[in-house]
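Enquirer: Data file model-v4.pdb (PDB, C-alpha atoms and all ligand atoms) is appended below.
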```
ATOM      1  CA  MET A   1     -26.734 -16.943  -2.883  1.00  0.00           C
ATOM      2  CA  GLU A   2     -24.767 -14.249  -1.107  1.00  0.00           C
ATOM      3  CA  GLU A   3     -25.777 -13.473   2.464  1.00  0.00           C
ATOM      4  CA  SER A   4     -26.719  -9.888   1.554  1.00  0.00           C
ATOM      5  CA  ASP A   5     -29.061 -11.211  -1.153  1.00  0.00           C
ATOM      6  CA  VAL A   6     -30.608 -13.648   1.332  1.00  0.00           C
ATOM      7  CA  GLN A   7     -31.207 -10.771   3.753  1.00  0.00           C
ATOM      8  CA  ARG A   8     -32.751  -8.614   1.011  1.00  0.00           C
ATOM      9  CA  LEU A   9     -35.002 -11.481  -0.029  1.00  0.00           C
ATOM     10  CA  VAL A  10     -36.119 -12.117   3.559  1.00  0.00           C
ATOM     11  CA  LEU A  11     -37.026  -8.414   3.836  1.00  0.00           C
ATOM     12  CA  TRP A  12     -38.888  -8.612   0.525  1.00  0.00           C
ATOM     13  CA  VAL A  13     -40.805 -11.721   1.644  1.00  0.00           C
ATOM     14  CA  ASN A  14     -41.706 -10.100   4.959  1.00  0.00           C
ATOM     15  CA  ALA A  15     -43.019  -7.058   3.070  1.00  0.00           C
ATOM     16  CA  LYS A  16     -44.902  -8.952   0.353  1.00  0.00           C
ATOM     17  CA  TRP A  17     -46.263 -12.143   1.901  1.00  0.00           C
ATOM     18  CA  ARG A  18     -49.543 -11.307   3.603  1.00  0.00           C
ATOM     19  CA  ASN A  19     -49.606 -14.700   5.291  1.00  0.00           C
ATOM     20  CA  LYS A  20     -46.306 -15.974   6.680  1.00  0.00           C
ATOM     21  CA  GLU A  21     -47.760 -19.333   7.681  1.00  0.00           C
ATOM     22  CA  CYS A  22     -47.165 -22.304   5.386  1.00  0.00           C
ATOM     23  CA  ARG A  23     -50.274 -22.857   3.258  1.00  0.00           C
ATOM     24  CA  LEU A  24     -50.036 -26.634   3.780  1.00  0.00           C
ATOM     25  CA  CYS A  25     -49.292 -27.052   7.489  1.00  0.00           C
ATOM     26  CA  GLY A  26     -50.002 -23.627   8.977  1.00  0.00           C
ATOM     27  CA  LYS A  27     -46.591 -23.281  10.680  1.00  0.00           C
ATOM     28  CA  ASN A  28     -44.254 -20.308  10.281  1.00  0.00           C
ATOM     29  CA  ALA A  29     -41.004 -22.262  10.033  1.00  0.00           C
ATOM     30  CA  TRP A  30     -39.161 -21.260   6.864  1.00  0.00           C
ATOM     31  CA  ALA A  31     -35.532 -22.083   6.121  1.00  0.00           C
ATOM     32  CA  ALA A  32     -33.284 -19.440   4.559  1.00  0.00           C
ATOM     33  CA  PRO A  33     -33.910 -19.156   0.809  1.00  0.00           C
ATOM     34  CA  GLN A  34     -31.648 -21.060  -1.558  1.00  0.00           C
ATOM     35  CA  LEU A  35     -30.896 -20.223  -5.156  1.00  0.00           C
ATOM     36  CA  VAL A  36     -32.291 -22.465  -7.865  1.00  0.00           C
ATOM     37  CA  SER A  37     -32.589 -21.964 -11.588  1.00  0.00           C
ATOM     38  CA  LEU A  38     -35.648 -22.942 -13.569  1.00  0.00           C
ATOM     39  CA  GLN A  39     -35.202 -23.645 -17.239  1.00  0.00           C
ATOM     40  CA  VAL A  40     -37.841 -22.289 -19.593  1.00  0.00           C
ATOM     41  CA  GLN A  41     -38.725 -24.690 -22.391  1.00  0.00           C
ATOM     42  CA  PRO A  42     -40.140 -23.067 -25.523  1.00  0.00           C
ATOM     43  CA  VAL A  43     -41.837 -26.275 -26.667  1.00  0.00           C
ATOM     44  CA  LEU A  44     -43.007 -29.287 -24.709  1.00  0.00           C
ATOM     45  CA  GLY A  45     -40.457 -32.054 -25.101  1.00  0.00           C
ATOM     46  CA  SER A  46     -37.614 -29.825 -26.283  1.00  0.00           C
ATOM     47  CA  TYR A  47     -34.508 -29.200 -24.236  1.00  0.00           C
ATOM     48  CA  VAL A  48     -32.115 -26.352 -24.944  1.00  0.00           C
ATOM     49  CA  ILE A  49     -28.805 -26.589 -23.113  1.00  0.00           C
ATOM     50  CA  GLY A  50     -28.000 -23.100 -21.864  1.00  0.00           C
ATOM     51  CA  GLY A  51     -31.485 -21.883 -22.768  1.00  0.00           C
ATOM     52  CA  THR A  52     -33.540 -19.327 -20.941  1.00  0.00           C
ATOM     53  CA  GLN A  53     -33.226 -19.555 -17.165  1.00  0.00           C
ATOM     54  CA  LEU A  54     -35.392 -17.983 -14.484  1.00  0.00           C
ATOM     55  CA  PRO A  55     -33.392 -16.933 -11.406  1.00  0.00           C
ATOM     56  CA  THR A  56     -35.410 -18.287  -8.526  1.00  0.00           C
ATOM     57  CA  ALA A  57     -35.141 -18.863  -4.801  1.00  0.00           C
ATOM     58  CA  ALA A  58     -36.666 -21.848  -3.062  1.00  0.00           C
ATOM     59  CA  VAL A  59     -38.048 -21.298   0.425  1.00  0.00           C
ATOM     60  CA  VAL A  60     -38.687 -24.537   2.296  1.00  0.00           C
ATOM     61  CA  CYS A  61     -41.037 -25.080   5.222  1.00  0.00           C
ATOM     62  CA  THR A  62     -38.953 -26.978   7.765  1.00  0.00           C
ATOM     63  CA  ASN A  63     -42.080 -28.536   9.272  1.00  0.00           C
ATOM     64  CA  CYS A  64     -43.696 -30.195   6.247  1.00  0.00           C
ATOM     65  CA  GLY A  65     -41.275 -29.688   3.357  1.00  0.00           C
ATOM     66  CA  ASN A  66     -43.578 -27.495   1.287  1.00  0.00           C
ATOM     67  CA  THR A  67     -41.377 -25.519  -1.107  1.00  0.00           C
ATOM     68  CA  GLU A  68     -42.330 -22.098  -2.390  1.00  0.00           C
ATOM     69  CA  LEU A  69     -40.493 -20.592  -5.372  1.00  0.00           C
ATOM     70  CA  ILE A  70     -39.817 -16.845  -5.653  1.00  0.00           C
ATOM     71  CA  ASN A  71     -38.796 -15.200  -8.915  1.00  0.00           C
ATOM     72  CA  LEU A  72     -35.697 -13.139  -8.090  1.00  0.00           C
ATOM     73  CA  ILE A  73     -36.334 -10.609 -10.859  1.00  0.00           C
ATOM     74  CA  VAL A  74     -39.755  -9.771  -9.436  1.00  0.00           C
ATOM     75  CA  ALA A  75     -38.186  -9.664  -5.970  1.00  0.00           C
ATOM     76  CA  THR A  76     -35.600  -7.167  -7.357  1.00  0.00           C
ATOM     77  CA  ILE A  77     -32.697  -9.383  -6.243  1.00  0.00           C
ATOM     78  CA  ALA A  78     -31.637 -10.226  -9.810  1.00  0.00           C
ATOM     79  CA  LYS A  79     -31.787  -8.137 -12.952  1.00  0.00           C
ATOM     80  CA  ALA A  80     -33.442  -9.420 -16.117  1.00  0.00           C
ATOM     81  CA  SER A  81     -30.901  -9.981 -18.886  1.00  0.00           C
ATOM     82  CA  GLY A  82     -30.821  -7.031 -21.229  1.00  0.00           C
ATOM     83  CA  ALA A  83     -32.395  -4.762 -18.596  1.00  0.00           C
TER
HETATM   84 ZN    ZN A 101     -45.413 -26.454   6.038  1.00  0.00          ZN
END
```
Spell out the structure here as structure tokens.
Ligand SMILES: [Zn+2]

Expert:
Amino acid sequence: MEESDVQRLVLWVNAKWRNKECRLCGKNAWAAPQLVSLQVQPVLGSYVIGGTQLPTAAVVCTNCGNTELINLIVATIAKASGA
């Protein structure tokens, strides 16, 4: 994830998250978001190589390891394909 995208996502999180404390441990100790990609499976048990992917960022609590996932299309960091 490019640094400018990380900064935009941090701004988005600060604007959208009402509670900044981790829901599991109560600390506000988040690491910088990292890009992950979630694969969407149309049917349970099927795997499609190169199938639909959801651009996502993982934000990890550095105190307890809780990991929150943010959809980058909703966060306006990534554009939906065909949009
Ligand atoms: Zn935590």

Enquirer: I'd like the residues picked by the PyMOL selection byres (((chain A and resi 25-33) around 7) and not hetatm) written out as a list in words, using the chain letters and numbers from the file.

Expert: Val6, Lys20, Glu21, Cys22, Arg23, Leu24, Gln34, Leu35, Ala57, Ala58, Val59, Val60, Cys61, Thr62, Asn63 and Cys64 of chain A

Enquirer: Could you work out how far CA of Arg8 in chain A lies from CA of Lys79 in chain A, giving the answer in Å with one decimal?

Expert: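 Between CA of Lys79 in chain A and CA of Arg8 in chain A the gap works out to 14.0 Å.
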
Enquirer: What are the centre and the three edge lengths of an axis-aligned box that wraps all atoms of range 15-32 of chain A in the file, given that 8 Å is added to every side, written as AutoDock Vina command-line options and rounded to one decimal in Å?

Expert:
```
--center_x -41.8 --center_y -17.1 --center_z 5.5 --size_x 33.0 --size_y 36.0 --size_z 26.3
```

Enquirer: Go ahead and compute the interatomic distance for CA of Thr76 in chain A and CA of Ser37 in chain A, in Å to one decimal.

Expert: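 Between CA of Thr76 in chain A and CA of Ser37 in chain A the gap is 15.7 Å.
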
Enquirer: Can you work out which one of A:Ile70, A:Ile77, A:Ala15, A:Val48 has the shortest atom-to-atom distance to Glu3 in chain A, counting only C-alpha atoms?

Expert: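 Of all the options, A:Ile77 lies closest to Glu3 in chain A.
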
Enquirer: Which residues, named as in the file, does the PyMOL selection byres (((chain A and resi 39) around 9) and not hetatm) pick out? Answer as a CSV table (one decimal) with C-alpha atoms, in the coordinates of the input.

Expert:
```csv
chain,number,residue,atom,x,y,z
A,37,SER,CA,-32.6,-22.0,-11.6
A,38,LEU,CA,-35.6,-22.9,-13.6
A,40,VAL,CA,-37.8,-22.3,-19.6
A,41,GLN,CA,-38.7,-24.7,-22.4
A,47,TYR,CA,-34.5,-29.2,-24.2
A,48,VAL,CA,-32.1,-26.4,-24.9
A,50,GLY,CA,-28.0,-23.1,-21.9
A,51,GLY,CA,-31.5,-21.9,-22.8
A,52,THR,CA,-33.5,-19.3,-20.9
A,53,GLN,CA,-33.2,-19.6,-17.2
A,54,LEU,CA,-35.4,-18.0,-14.5
```

Enquirer: Pick from A:Ile49, A:Ser4, A:Pro55, A:Pro42: nearest to Leu69 in chain A, with all atoms listed in the file counted?

Expert: A:Pro55

Enquirer: Can you work out the spacing between CA of Ala75 in chain A and CA of Leu44 in chain A in Å, to one decimal?

Expert: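 The value is 27.6 Å.
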
Enquirer: Between A:Gly65, A:Glu2, A:Ser81, A:Ile73, which is the closest to ligand ZN 101 (chain A) once you count all atoms listed in the file?

Expert: A:Gly65

Enquirer: Rank nothing, just name the residue among A:Ala78, A:Thr56, A:Glu68, A:Gly45 nearest to Trp17 in chain A, using all atoms listed in the file.

Expert: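 Answer, going by the shortest atom-to-atom distance: A:Glu68.
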
Enquirer: Would you mind telling me which residue in A:Thr67, A:Asn19, A:Met1, A:Trp12 lies nearest to ligand ZN 101 (chain A) when using all atoms listed in the file?

Expert: A:Thr67

Enquirer: I need the residue nearest ligand ZN 101 (chain A) from this list: A:Leu9, A:Val36, A:Asn66, A:Asn14. Use all atoms listed in the file for the distance.

Expert: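 For ligand ZN 101 (chain A), the nearest of the candidates is A:Asn66.
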